[in-house]
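J.: Please read through the structure below; I'll follow up with questions.
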Amino acid sequence: MRIVIAPDSFKGSIGAAAAAQALASGWLSARPGDQVRQLPLADGGEGTLEVLAAGSRAHRWHHAEVTGPAGGRVTSCWLELPAETHAVELARASGLPLLADPDPMRAQTTGTGELIGRALDAGASRILIALGGSASTDGGTGALGALGARFHDAAGRDLPPGGGALADLAHVDLSGLRPPPPAGVTCLTDVRAPLLGPTGAAAVFGPQKGADAALIKVLEAGLARLAGQLGGQPGAPGAGAAGGTAYGLAAAWGAEIAAGAAQLCRIAGLEQALAGADLIITGEGRFDATSTEGKVTGAVFAAADAAAVPAALVAGQIADDPPGSVWRCVALADLADLAGGAGGAAAAQREPARWLALAARALALDAQAV
């Protein structure tokens, strides 16, 4: 059999490349004669650069010290790919894990803009920006500020960093903003939320970044003032990604907002990998109703259906039923419970590679049903 293994990362547990390796090892332990291709994927969140690097033999990592989400300095990096394409991952400069404690009002995206600027200085003709994992709700003003934009209050003073300050926004000056690269900018998003409203950046993702109901109102008001200044399409799907950074870069810099999973599946060559395959295995940390809405697993299921290739799902937890076309699904938490351990989910998170290998072995032993 020809097997394609194309998981996302299992957040907080194991990266996509390591997950693919564990699944491949488990499958081959039961069916050593099969052809197994590993194709780790991402959706625009954390781990996107590793997926892009794995899919390109000609790549180069660049390292830089930039402004972190709390204002201090952090060590970060970006990726240079062929055709003068450079990829930046917001989480590496402005991500929530870089904060000792969440700071929803003052967290900033300045470092992401500094990375983009470094990529421009290095000769980028096209920039990809992966937007998952943001610590802030500043509408991308920090990133735009690092690229030369200015955001003023009614007295003409520069606003301090962070989404909380946007409630005092009175004027935006884009005259000093660096031009985008000639081949354009694409924001890879892992959500389809608009900028504003009950399904927007502040309301949905603010609590994950430490904002209570009162602070969400302030952040929402600030984003609304930003939209009033920049115009554009605040209601566009994905505009609310990374605390509105997708919106800010689209409205002020002409960036395209694209569903990250679909773009990265195309870049990684998923369609070509499926040609002649007998089965594809995908997975993520938690499969639920949102997994088929712009996430890796949903994109893989759609591609597998189009190619008439059976698909299997391995996830840490499975909270909702996968599509009816999915051949088999295995929850690592359930597998750990069945093995007699206590607290299946915790056990699976402690040793993800072990349980992924066991899950793939179980699928391989049942492969004659494909």
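Chain lettering (A, B, ...) mirrors the order of the structure tokens, residue numbering begins at 1 for each chain separately, and ligand numbering begins at 1 in order of display.
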Please provide as a compact mmCIF listing (two decimals) with all heavy atoms, in the first residue's frame all residues within 10 Å of region 92-102 of chain A, with the sequence filter that same-chain residues fewer than 3 positions apart are discarded (counting only C-alpha atoms).
T.:
# COMPACT_ATOMS: atom_id res chain seq x y z
N GLU A 46 1.25 28.23 14.74
CA GLU A 46 2.59 27.83 15.12
C GLU A 46 3.02 26.59 14.35
O GLU A 46 2.24 25.69 14.10
CB GLU A 46 2.63 27.53 16.62
CG GLU A 46 2.30 28.71 17.51
CD GLU A 46 0.84 28.76 17.93
OE1 GLU A 46 -0.03 28.37 17.12
OE2 GLU A 46 0.58 29.20 19.06
N GLY A 47 4.30 26.57 13.99
CA GLY A 47 4.84 25.44 13.26
C GLY A 47 4.81 25.60 11.76
O GLY A 47 5.31 24.73 11.03
N LEU A 49 6.47 27.60 9.77
CA LEU A 49 7.78 27.72 9.13
C LEU A 49 8.46 26.36 8.99
O LEU A 49 9.13 26.09 7.98
CB LEU A 49 8.68 28.68 9.91
CG LEU A 49 8.25 30.14 9.96
CD1 LEU A 49 9.40 31.02 10.45
CD2 LEU A 49 7.76 30.64 8.60
N ALA A 64 17.11 36.96 14.17
CA ALA A 64 17.11 38.39 14.52
C ALA A 64 16.58 38.57 15.93
O ALA A 64 15.77 37.78 16.42
CB ALA A 64 16.23 39.17 13.54
N GLU A 65 17.03 39.62 16.57
CA GLU A 65 16.48 40.04 17.86
C GLU A 65 15.48 41.14 17.61
O GLU A 65 15.79 42.13 16.94
CB GLU A 65 17.60 40.52 18.79
CG GLU A 65 17.13 40.77 20.22
CD GLU A 65 18.27 41.17 21.14
OE1 GLU A 65 18.56 42.38 21.21
OE2 GLU A 65 18.86 40.28 21.78
N VAL A 66 14.26 40.97 18.12
CA VAL A 66 13.18 41.93 17.84
C VAL A 66 12.43 42.24 19.12
O VAL A 66 12.68 41.65 20.19
CB VAL A 66 12.21 41.38 16.78
CG1 VAL A 66 12.91 41.14 15.45
CG2 VAL A 66 11.53 40.09 17.26
N THR A 67 11.48 43.16 19.02
CA THR A 67 10.65 43.53 20.16
C THR A 67 9.59 42.48 20.42
O THR A 67 8.82 42.13 19.53
CB THR A 67 9.96 44.88 19.90
OG1 THR A 67 10.95 45.87 19.61
CG2 THR A 67 9.14 45.31 21.10
N GLY A 68 9.56 41.95 21.63
CA GLY A 68 8.58 40.94 21.99
C GLY A 68 7.23 41.55 22.30
O GLY A 68 7.06 42.77 22.32
N PRO A 69 6.23 40.73 22.57
CA PRO A 69 4.88 41.24 22.81
C PRO A 69 4.76 42.11 24.05
O PRO A 69 3.86 42.95 24.14
CB PRO A 69 4.03 39.97 22.94
CG PRO A 69 5.01 38.89 23.29
CD PRO A 69 6.29 39.25 22.61
N ALA A 70 5.69 41.96 25.00
CA ALA A 70 5.67 42.78 26.21
C ALA A 70 6.58 44.00 26.10
O ALA A 70 6.64 44.82 27.03
CB ALA A 70 6.07 41.95 27.41
N GLY A 71 7.28 44.14 24.98
CA GLY A 71 8.16 45.30 24.79
C GLY A 71 9.63 45.00 24.96
O GLY A 71 10.47 45.78 24.52
N GLY A 72 9.99 43.89 25.64
CA GLY A 72 11.39 43.52 25.76
C GLY A 72 11.89 42.88 24.48
O GLY A 72 11.17 42.73 23.50
N ARG A 73 13.15 42.49 24.49
CA ARG A 73 13.76 41.91 23.31
C ARG A 73 13.62 40.38 23.36
O ARG A 73 13.77 39.76 24.41
CB ARG A 73 15.24 42.28 23.21
CG ARG A 73 15.50 43.77 23.27
CD ARG A 73 14.84 44.50 22.10
NE ARG A 73 15.52 44.26 20.83
CZ ARG A 73 15.07 44.69 19.66
NH1 ARG A 73 13.92 45.37 19.60
NH2 ARG A 73 15.75 44.46 18.55
N VAL A 74 13.34 39.79 22.19
CA VAL A 74 13.27 38.33 22.07
C VAL A 74 14.06 37.92 20.84
O VAL A 74 14.19 38.67 19.87
CB VAL A 74 11.81 37.84 21.94
CG1 VAL A 74 11.00 38.20 23.17
CG2 VAL A 74 11.14 38.38 20.68
N THR A 75 14.61 36.72 20.89
CA THR A 75 15.32 36.17 19.73
C THR A 75 14.31 35.45 18.84
O THR A 75 13.53 34.62 19.31
CB THR A 75 16.41 35.19 20.19
OG1 THR A 75 17.34 35.89 21.02
CG2 THR A 75 17.14 34.60 19.00
N SER A 76 14.32 35.79 17.57
CA SER A 76 13.33 35.24 16.65
C SER A 76 14.02 34.86 15.34
O SER A 76 15.25 34.87 15.23
CB SER A 76 12.21 36.26 16.41
OG SER A 76 11.16 35.70 15.67
N CYS A 77 13.21 34.51 14.35
CA CYS A 77 13.76 34.11 13.06
C CYS A 77 12.68 34.21 11.99
O CYS A 77 11.50 34.35 12.28
CB CYS A 77 14.30 32.68 13.12
SG CYS A 77 13.04 31.45 13.51
N TRP A 78 13.13 34.15 10.74
CA TRP A 78 12.20 34.01 9.62
C TRP A 78 12.86 33.11 8.58
O TRP A 78 14.04 32.75 8.71
CB TRP A 78 11.78 35.36 9.05
CG TRP A 78 12.75 36.02 8.11
CD1 TRP A 78 12.77 35.95 6.75
CD2 TRP A 78 13.84 36.90 8.46
NE1 TRP A 78 13.79 36.72 6.22
CE2 TRP A 78 14.46 37.30 7.25
CE3 TRP A 78 14.35 37.37 9.67
CZ2 TRP A 78 15.56 38.16 7.23
CZ3 TRP A 78 15.44 38.21 9.66
CH2 TRP A 78 16.02 38.60 8.45
N VAL A 88 7.31 34.72 7.49
CA VAL A 88 7.39 35.21 8.86
C VAL A 88 6.29 34.54 9.66
O VAL A 88 5.15 34.42 9.19
CB VAL A 88 7.23 36.74 8.90
CG1 VAL A 88 7.08 37.24 10.33
CG2 VAL A 88 8.40 37.42 8.20
N GLU A 89 6.59 34.10 10.87
CA GLU A 89 5.60 33.50 11.74
C GLU A 89 5.39 34.42 12.94
O GLU A 89 6.28 34.59 13.77
CB GLU A 89 6.08 32.12 12.20
CG GLU A 89 5.01 31.28 12.88
CD GLU A 89 5.51 29.88 13.16
OE1 GLU A 89 5.84 29.16 12.21
OE2 GLU A 89 5.57 29.52 14.35
N MET A 105 -4.22 44.37 27.05
CA MET A 105 -4.32 45.77 26.66
C MET A 105 -3.03 46.30 26.05
O MET A 105 -3.06 47.17 25.18
CB MET A 105 -4.70 46.63 27.87
CG MET A 105 -6.01 46.21 28.52
SD MET A 105 -7.41 46.39 27.40
CE MET A 105 -7.74 48.13 27.59
N ARG A 106 -1.88 45.78 26.50
CA ARG A 106 -0.61 46.36 26.07
C ARG A 106 0.23 45.45 25.17
O ARG A 106 1.23 45.92 24.59
CB ARG A 106 0.22 46.75 27.30
CG ARG A 106 -0.39 47.91 28.08
CD ARG A 106 0.44 48.26 29.29
NE ARG A 106 0.45 47.17 30.27
CZ ARG A 106 1.03 47.24 31.46
NH1 ARG A 106 1.67 48.35 31.82
NH2 ARG A 106 0.98 46.21 32.31
N ALA A 107 -0.13 44.19 25.05
CA ALA A 107 0.64 43.30 24.17
C ALA A 107 0.63 43.84 22.74
O ALA A 107 -0.37 44.38 22.27
CB ALA A 107 0.06 41.88 24.21
N GLN A 108 1.74 43.69 22.03
CA GLN A 108 1.93 44.36 20.75
C GLN A 108 2.51 43.42 19.70
O GLN A 108 3.09 42.39 20.03
CB GLN A 108 2.88 45.55 20.94
CG GLN A 108 4.24 45.15 21.51
CD GLN A 108 5.13 46.33 21.81
OE1 GLN A 108 5.60 47.01 20.90
NE2 GLN A 108 5.36 46.60 23.09
N THR A 109 2.36 43.82 18.44
CA THR A 109 2.89 43.05 17.30
C THR A 109 4.10 43.72 16.67
O THR A 109 4.47 43.40 15.53
CB THR A 109 1.80 42.86 16.23
OG1 THR A 109 1.30 44.16 15.84
CG2 THR A 109 0.65 42.01 16.74
N THR A 110 4.75 44.61 17.38
CA THR A 110 5.89 45.35 16.83
C THR A 110 6.97 44.43 16.28
O THR A 110 7.51 44.65 15.19
CB THR A 110 6.48 46.28 17.89
OG1 THR A 110 5.45 47.15 18.38
CG2 THR A 110 7.63 47.09 17.34
N GLY A 111 7.29 43.37 17.02
CA GLY A 111 8.35 42.48 16.58
C GLY A 111 8.05 41.79 15.26
O GLY A 111 8.97 41.53 14.47
N THR A 112 6.78 41.51 15.01
CA THR A 112 6.41 40.92 13.73
C THR A 112 6.72 41.89 12.60
O THR A 112 7.26 41.50 11.55
CB THR A 112 4.92 40.55 13.72
OG1 THR A 112 4.69 39.57 14.73
CG2 THR A 112 4.49 40.01 12.37
N GLY A 113 6.40 43.16 12.80
CA GLY A 113 6.74 44.16 11.79
C GLY A 113 8.23 44.30 11.60
O GLY A 113 8.72 44.50 10.47
N GLU A 114 9.00 44.16 12.68
CA GLU A 114 10.45 44.23 12.56
C GLU A 114 10.99 43.05 11.75
O GLU A 114 11.91 43.22 10.93
CB GLU A 114 11.08 44.27 13.96
CG GLU A 114 10.79 45.56 14.70
CD GLU A 114 11.20 45.54 16.16
OE1 GLU A 114 11.57 44.44 16.66
OE2 GLU A 114 11.13 46.59 16.81
N LEU A 115 10.42 41.86 11.95
CA LEU A 115 10.83 40.71 11.13
C LEU A 115 10.50 40.95 9.66
O LEU A 115 11.30 40.63 8.78
CB LEU A 115 10.13 39.45 11.62
CG LEU A 115 10.66 38.77 12.88
CD1 LEU A 115 9.84 37.52 13.16
CD2 LEU A 115 12.14 38.41 12.75
N ALA A 130 2.43 34.01 8.66
CA ALA A 130 1.59 33.08 9.39
C ALA A 130 1.13 33.76 10.67
O ALA A 130 1.95 34.22 11.47
CB ALA A 130 2.36 31.81 9.71
N LEU A 131 -0.18 33.84 10.89
CA LEU A 131 -0.71 34.72 11.91
C LEU A 131 -1.22 34.05 13.18
O LEU A 131 -1.73 34.72 14.07
CB LEU A 131 -1.85 35.57 11.32
CG LEU A 131 -1.40 36.65 10.32
CD1 LEU A 131 -2.61 37.44 9.83
CD2 LEU A 131 -0.39 37.58 10.95
N GLY A 132 -1.12 32.73 13.31
CA GLY A 132 -1.65 32.08 14.50
C GLY A 132 -0.83 32.37 15.75
O GLY A 132 0.35 32.69 15.69
N GLY A 133 -1.48 32.24 16.91
CA GLY A 133 -0.78 32.30 18.18
C GLY A 133 -0.50 33.67 18.75
O GLY A 133 0.34 33.82 19.63
N SER A 134 -1.21 34.69 18.31
CA SER A 134 -0.94 36.06 18.73
C SER A 134 -1.24 36.30 20.21
O SER A 134 -2.19 35.75 20.77
CB SER A 134 -1.79 37.02 17.88
OG SER A 134 -1.74 38.33 18.41
N ALA A 135 -0.43 37.17 20.81
CA ALA A 135 -0.66 37.59 22.19
C ALA A 135 -1.51 38.84 22.28
O ALA A 135 -2.01 39.18 23.36
CB ALA A 135 0.68 37.86 22.88
N SER A 136 -1.71 39.56 21.18
CA SER A 136 -2.27 40.90 21.23
C SER A 136 -3.57 41.04 20.46
O SER A 136 -3.95 40.17 19.69
CB SER A 136 -1.26 41.92 20.69
OG SER A 136 -1.21 41.83 19.28
N GLY A 142 1.08 47.56 15.82
CA GLY A 142 2.49 47.43 16.20
C GLY A 142 3.34 47.07 15.00
O GLY A 142 4.40 47.66 14.76
N ALA A 143 2.88 46.09 14.22
CA ALA A 143 3.63 45.67 13.03
C ALA A 143 3.70 46.80 12.01
O ALA A 143 4.76 47.07 11.44
CB ALA A 143 2.96 44.44 12.41
N PRO A 207 -10.58 36.59 25.36
CA PRO A 207 -10.46 35.82 26.60
C PRO A 207 -9.24 34.92 26.64
O PRO A 207 -8.65 34.70 27.70
CB PRO A 207 -11.76 35.00 26.62
CG PRO A 207 -12.74 35.83 25.85
CD PRO A 207 -11.91 36.46 24.76
N GLN A 208 -8.83 34.38 25.48
CA GLN A 208 -7.64 33.54 25.44
C GLN A 208 -6.38 34.34 25.75
O GLN A 208 -5.36 33.76 26.14
CB GLN A 208 -7.50 32.91 24.05
CG GLN A 208 -8.67 32.05 23.63
CD GLN A 208 -8.54 31.58 22.19
OE1 GLN A 208 -7.50 31.79 21.54
NE2 GLN A 208 -9.59 30.97 21.66
N LYS A 209 -6.47 35.66 25.59
CA LYS A 209 -5.31 36.52 25.80
C LYS A 209 -5.42 37.30 27.10
O LYS A 209 -4.66 38.25 27.33
CB LYS A 209 -5.18 37.49 24.61
CG LYS A 209 -5.06 36.74 23.27
CD LYS A 209 -5.16 37.67 22.08
CE LYS A 209 -5.18 36.85 20.79
NZ LYS A 209 -5.25 37.69 19.58
N GLY A 210 -6.37 36.91 27.95
CA GLY A 210 -6.48 37.49 29.28
C GLY A 210 -7.49 38.59 29.45
O GLY A 210 -7.55 39.22 30.51
N ALA A 211 -8.32 38.86 28.45
CA ALA A 211 -9.29 39.96 28.53
C ALA A 211 -10.60 39.48 29.13
O ALA A 211 -11.16 38.47 28.68
CB ALA A 211 -9.52 40.56 27.15
N ALA A 242 -5.23 36.93 14.50
CA ALA A 242 -4.12 37.53 15.25
C ALA A 242 -4.51 38.89 15.82
O ALA A 242 -3.77 39.86 15.69
CB ALA A 242 -2.87 37.64 14.39
J.: Check the smallest atom-to-atom distance from each of A:Pro82, A:Pro310, A:Gly156, A:Gly148 to Arg57 (chain A) using only C-alpha atoms, then report the winner.
T.: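 Closest to Arg57 (chain A) of all the choices is A:Pro82.
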J.: Please measure the separation of CA of Leu52 (chain A) and CA of Leu81 (chain A), giving the value in Å to one decimal.
T.: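 Computed distance, CA of Leu52 (chain A) to CA of Leu81 (chain A), equals 8.2 Å.
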J.: Of the candidates A:Ala241, A:Ala336, A:Leu128, A:Ile3, which one gets nearest to Arg350 (chain A) if we count only C-alpha atoms?
T.: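 Checking each of A:Ala241, A:Ala336, A:Leu128, A:Ile3 against Arg350 (chain A), counting only C-alpha atoms, the winner is A:Ala336.
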J.: DSSP on the backbone: what in region 24-188 of chain A comes out alpha helix (DSSP H), as number ranges by chain?
T.: A: 24-30, 48-54, 91-94, 110-121, 141-146
J.: Kindly save the residues from that selection, with N, CA, C and O atoms included, as a short mmCIF file (atom, residue, chain, number, x, y, z; two decimals), in the first residue's frame.
T.:
data_model
loop_
_atom_site.label_atom_id
_atom_site.label_comp_id
_atom_site.auth_asym_id
_atom_site.auth_seq_id
_atom_site.Cartn_x
_atom_site.Cartn_y
_atom_site.Cartn_z
N ALA A 24 4.33 7.33 11.02
CA ALA A 24 4.99 6.48 10.02
C ALA A 24 5.66 5.28 10.68
O ALA A 24 5.58 4.14 10.19
N SER A 25 6.33 5.52 11.81
CA SER A 25 7.00 4.44 12.52
C SER A 25 6.00 3.38 12.97
O SER A 25 6.25 2.16 12.83
N GLY A 26 4.87 3.83 13.50
CA GLY A 26 3.86 2.89 13.96
C GLY A 26 3.27 2.08 12.81
O GLY A 26 3.06 0.86 12.93
N TRP A 27 2.99 2.74 11.69
CA TRP A 27 2.43 2.03 10.54
C TRP A 27 3.41 0.97 10.03
O TRP A 27 3.05 -0.18 9.80
N LEU A 28 4.67 1.36 9.87
CA LEU A 28 5.66 0.45 9.31
C LEU A 28 5.99 -0.69 10.26
O LEU A 28 6.46 -1.76 9.81
N SER A 29 5.74 -0.52 11.54
CA SER A 29 5.98 -1.63 12.47
C SER A 29 5.02 -2.78 12.21
O SER A 29 5.33 -3.93 12.52
N ALA A 30 3.86 -2.47 11.64
CA ALA A 30 2.88 -3.51 11.32
C ALA A 30 2.94 -3.92 9.86
O ALA A 30 2.66 -5.08 9.53
N THR A 48 4.25 26.69 11.27
CA THR A 48 4.14 26.89 9.82
C THR A 48 5.51 26.93 9.15
O THR A 48 5.70 26.35 8.07
N LEU A 49 6.47 27.60 9.77
CA LEU A 49 7.78 27.72 9.13
C LEU A 49 8.46 26.36 8.99
O LEU A 49 9.13 26.09 7.98
N GLU A 50 8.30 25.49 10.00
CA GLU A 50 8.90 24.16 9.90
C GLU A 50 8.29 23.38 8.73
O GLU A 50 8.99 22.66 8.02
N VAL A 51 6.98 23.52 8.54
CA VAL A 51 6.32 22.83 7.45
C VAL A 51 6.83 23.36 6.11
O VAL A 51 7.11 22.60 5.18
N LEU A 52 6.97 24.68 5.99
CA LEU A 52 7.48 25.27 4.76
C LEU A 52 8.92 24.84 4.49
O LEU A 52 9.30 24.53 3.36
N ALA A 53 9.73 24.78 5.56
CA ALA A 53 11.12 24.36 5.40
C ALA A 53 11.20 22.90 4.97
O ALA A 53 12.01 22.53 4.12
N ALA A 54 10.33 22.05 5.57
CA ALA A 54 10.35 20.63 5.22
C ALA A 54 9.96 20.39 3.77
O ALA A 54 10.41 19.42 3.15
N ALA A 91 3.88 34.17 15.69
CA ALA A 91 4.04 33.58 17.02
C ALA A 91 5.48 33.63 17.51
O ALA A 91 5.74 33.64 18.72
N ARG A 92 6.45 33.69 16.59
CA ARG A 92 7.86 33.69 16.98
C ARG A 92 8.33 35.05 17.46
O ARG A 92 9.42 35.16 18.05
N ALA A 93 7.55 36.10 17.21
CA ALA A 93 7.92 37.44 17.66
C ALA A 93 6.88 38.05 18.58
O ALA A 93 7.22 38.85 19.46
N SER A 94 5.61 37.70 18.35
CA SER A 94 4.51 38.36 19.07
C SER A 94 3.51 37.35 19.63
O SER A 94 2.33 37.64 19.78
N THR A 110 4.75 44.61 17.38
CA THR A 110 5.89 45.35 16.83
C THR A 110 6.97 44.43 16.28
O THR A 110 7.51 44.65 15.19
N GLY A 111 7.29 43.37 17.02
CA GLY A 111 8.35 42.48 16.58
C GLY A 111 8.05 41.79 15.26
O GLY A 111 8.97 41.53 14.47
N THR A 112 6.78 41.51 15.01
CA THR A 112 6.41 40.92 13.73
C THR A 112 6.72 41.89 12.60
O THR A 112 7.26 41.50 11.55
N GLY A 113 6.40 43.16 12.80
CA GLY A 113 6.74 44.16 11.79
C GLY A 113 8.23 44.30 11.60
O GLY A 113 8.72 44.50 10.47
N GLU A 114 9.00 44.16 12.68
CA GLU A 114 10.45 44.23 12.56
C GLU A 114 10.99 43.05 11.75
O GLU A 114 11.91 43.22 10.93
N LEU A 115 10.42 41.86 11.95
CA LEU A 115 10.83 40.71 11.13
C LEU A 115 10.50 40.95 9.66
O LEU A 115 11.30 40.63 8.78
N ILE A 116 9.32 41.49 9.40
CA ILE A 116 8.93 41.79 8.02
C ILE A 116 9.91 42.78 7.41
O ILE A 116 10.34 42.63 6.26
N GLY A 117 10.28 43.79 8.18
CA GLY A 117 11.24 44.77 7.70
C GLY A 117 12.60 44.15 7.39
O GLY A 117 13.23 44.48 6.38
N ARG A 118 13.03 43.22 8.25
CA ARG A 118 14.30 42.52 7.98
C ARG A 118 14.20 41.72 6.69
O ARG A 118 15.17 41.64 5.91
N ALA A 119 13.06 41.07 6.47
CA ALA A 119 12.88 40.30 5.25
C ALA A 119 12.93 41.20 4.02
O ALA A 119 13.53 40.85 3.00
N LEU A 120 12.32 42.38 4.12
CA LEU A 120 12.40 43.34 3.02
C LEU A 120 13.84 43.76 2.76
O LEU A 120 14.30 43.83 1.62
N ASP A 121 14.57 44.03 3.85
CA ASP A 121 15.97 44.41 3.72
C ASP A 121 16.80 43.31 3.07
O ASP A 121 17.80 43.59 2.40
N THR A 141 -1.34 47.20 14.51
CA THR A 141 -0.74 48.54 14.54
C THR A 141 0.73 48.50 14.96
O THR A 141 1.53 49.31 14.51
N GLY A 142 1.08 47.56 15.82
CA GLY A 142 2.49 47.43 16.20
C GLY A 142 3.34 47.07 15.00
O GLY A 142 4.40 47.66 14.76
N ALA A 143 2.88 46.09 14.22
CA ALA A 143 3.63 45.67 13.03
C ALA A 143 3.70 46.80 12.01
O ALA A 143 4.76 47.07 11.44
N LEU A 144 2.59 47.47 11.79
CA LEU A 144 2.58 48.58 10.84
C LEU A 144 3.45 49.73 11.33
O LEU A 144 4.12 50.39 10.54
N GLY A 145 3.45 49.95 12.64
CA GLY A 145 4.31 51.00 13.20
C GLY A 145 5.78 50.72 12.96
O GLY A 145 6.57 51.62 12.65
N ALA A 146 6.17 49.44 13.09
CA ALA A 146 7.56 49.07 12.82
C ALA A 146 7.93 49.26 11.36
O ALA A 146 9.11 49.42 11.03
#
J.: Can you pull out every residue from region 171-225 of chain A that DSSP, working from the backbone, puts in strand (DSSP E or B), and format the result as a VMD selection string?
T.: chain A and resid 171 to 173 185 to 189
J.: Find the spatial neighbours of region 171-177 of chain A, counting only C-alpha atoms, within a cut-off of 6 Å - ignore same-chain residues fewer than 3 positions away - and output them as a PyMOL selection string.
T.: chain A and resi 147-152
J.: Tell me which of A:Gly206, A:Gly12, A:Gly231, A:Pro322 sits closest to Asp103 (chain A), counting only C-alpha atoms.
T.: A:Gly206
J.: From the list A:Pro104, A:Gly276, A:Pro352, A:Pro234, which residue is nearest Arg2 (chain A) when using only C-alpha atoms?
T.: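 Selected residue with least distance to Arg2 (chain A): A:Gly276.
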J.: Excluding same-chain residues fewer than 4 positions from Ala308 (chain A), what lies within 12 Å of it counting only C-alpha atoms, as a PyMOL selection string?
T.: chain A and resi 271+274-280+300-304+325-327
J.: If you keep C-alpha atoms, can you produce a file of those selected residues as a JSON list (two decimals), in the first residue's frame?
T.:
[["chain", "number", "residue", "atom", "x", "y", "z"],
["A", 271, "GLU", "CA", -2.67, 17.01, -4.34],
["A", 274, "LEU", "CA", -2.51, 11.86, -3.14],
["A", 275, "ALA", "CA", -2.04, 10.72, -6.74],
["A", 276, "GLY", "CA", -1.87, 6.95, -6.55],
["A", 277, "ALA", "CA", -2.17, 6.82, -2.75],
["A", 278, "ASP", "CA", -4.25, 4.12, -1.07],
["A", 279, "LEU", "CA", -4.80, 5.96, 2.23],
["A", 280, "ILE", "CA", -4.05, 9.30, 3.88],
["A", 300, "VAL", "CA", -7.06, 17.05, 3.99],
["A", 301, "PHE", "CA", -10.51, 15.48, 4.08],
["A", 302, "ALA", "CA", -11.64, 17.70, 1.20],
["A", 303, "ALA", "CA", -8.56, 16.86, -0.86],
["A", 304, "ALA", "CA", -8.93, 13.15, -0.13],
["A", 325, "SER", "CA", -16.33, 9.66, 4.32],
["A", 326, "VAL", "CA", -13.56, 9.17, 6.90],
["A", 327, "TRP", "CA", -12.57, 5.49, 7.03]]
J.: Using only C-alpha atoms, which of A:Ala259, A:Ile5, A:Thr137, A:Ala289 sits nearest Lys217 (chain A)?
T.: A:Thr137
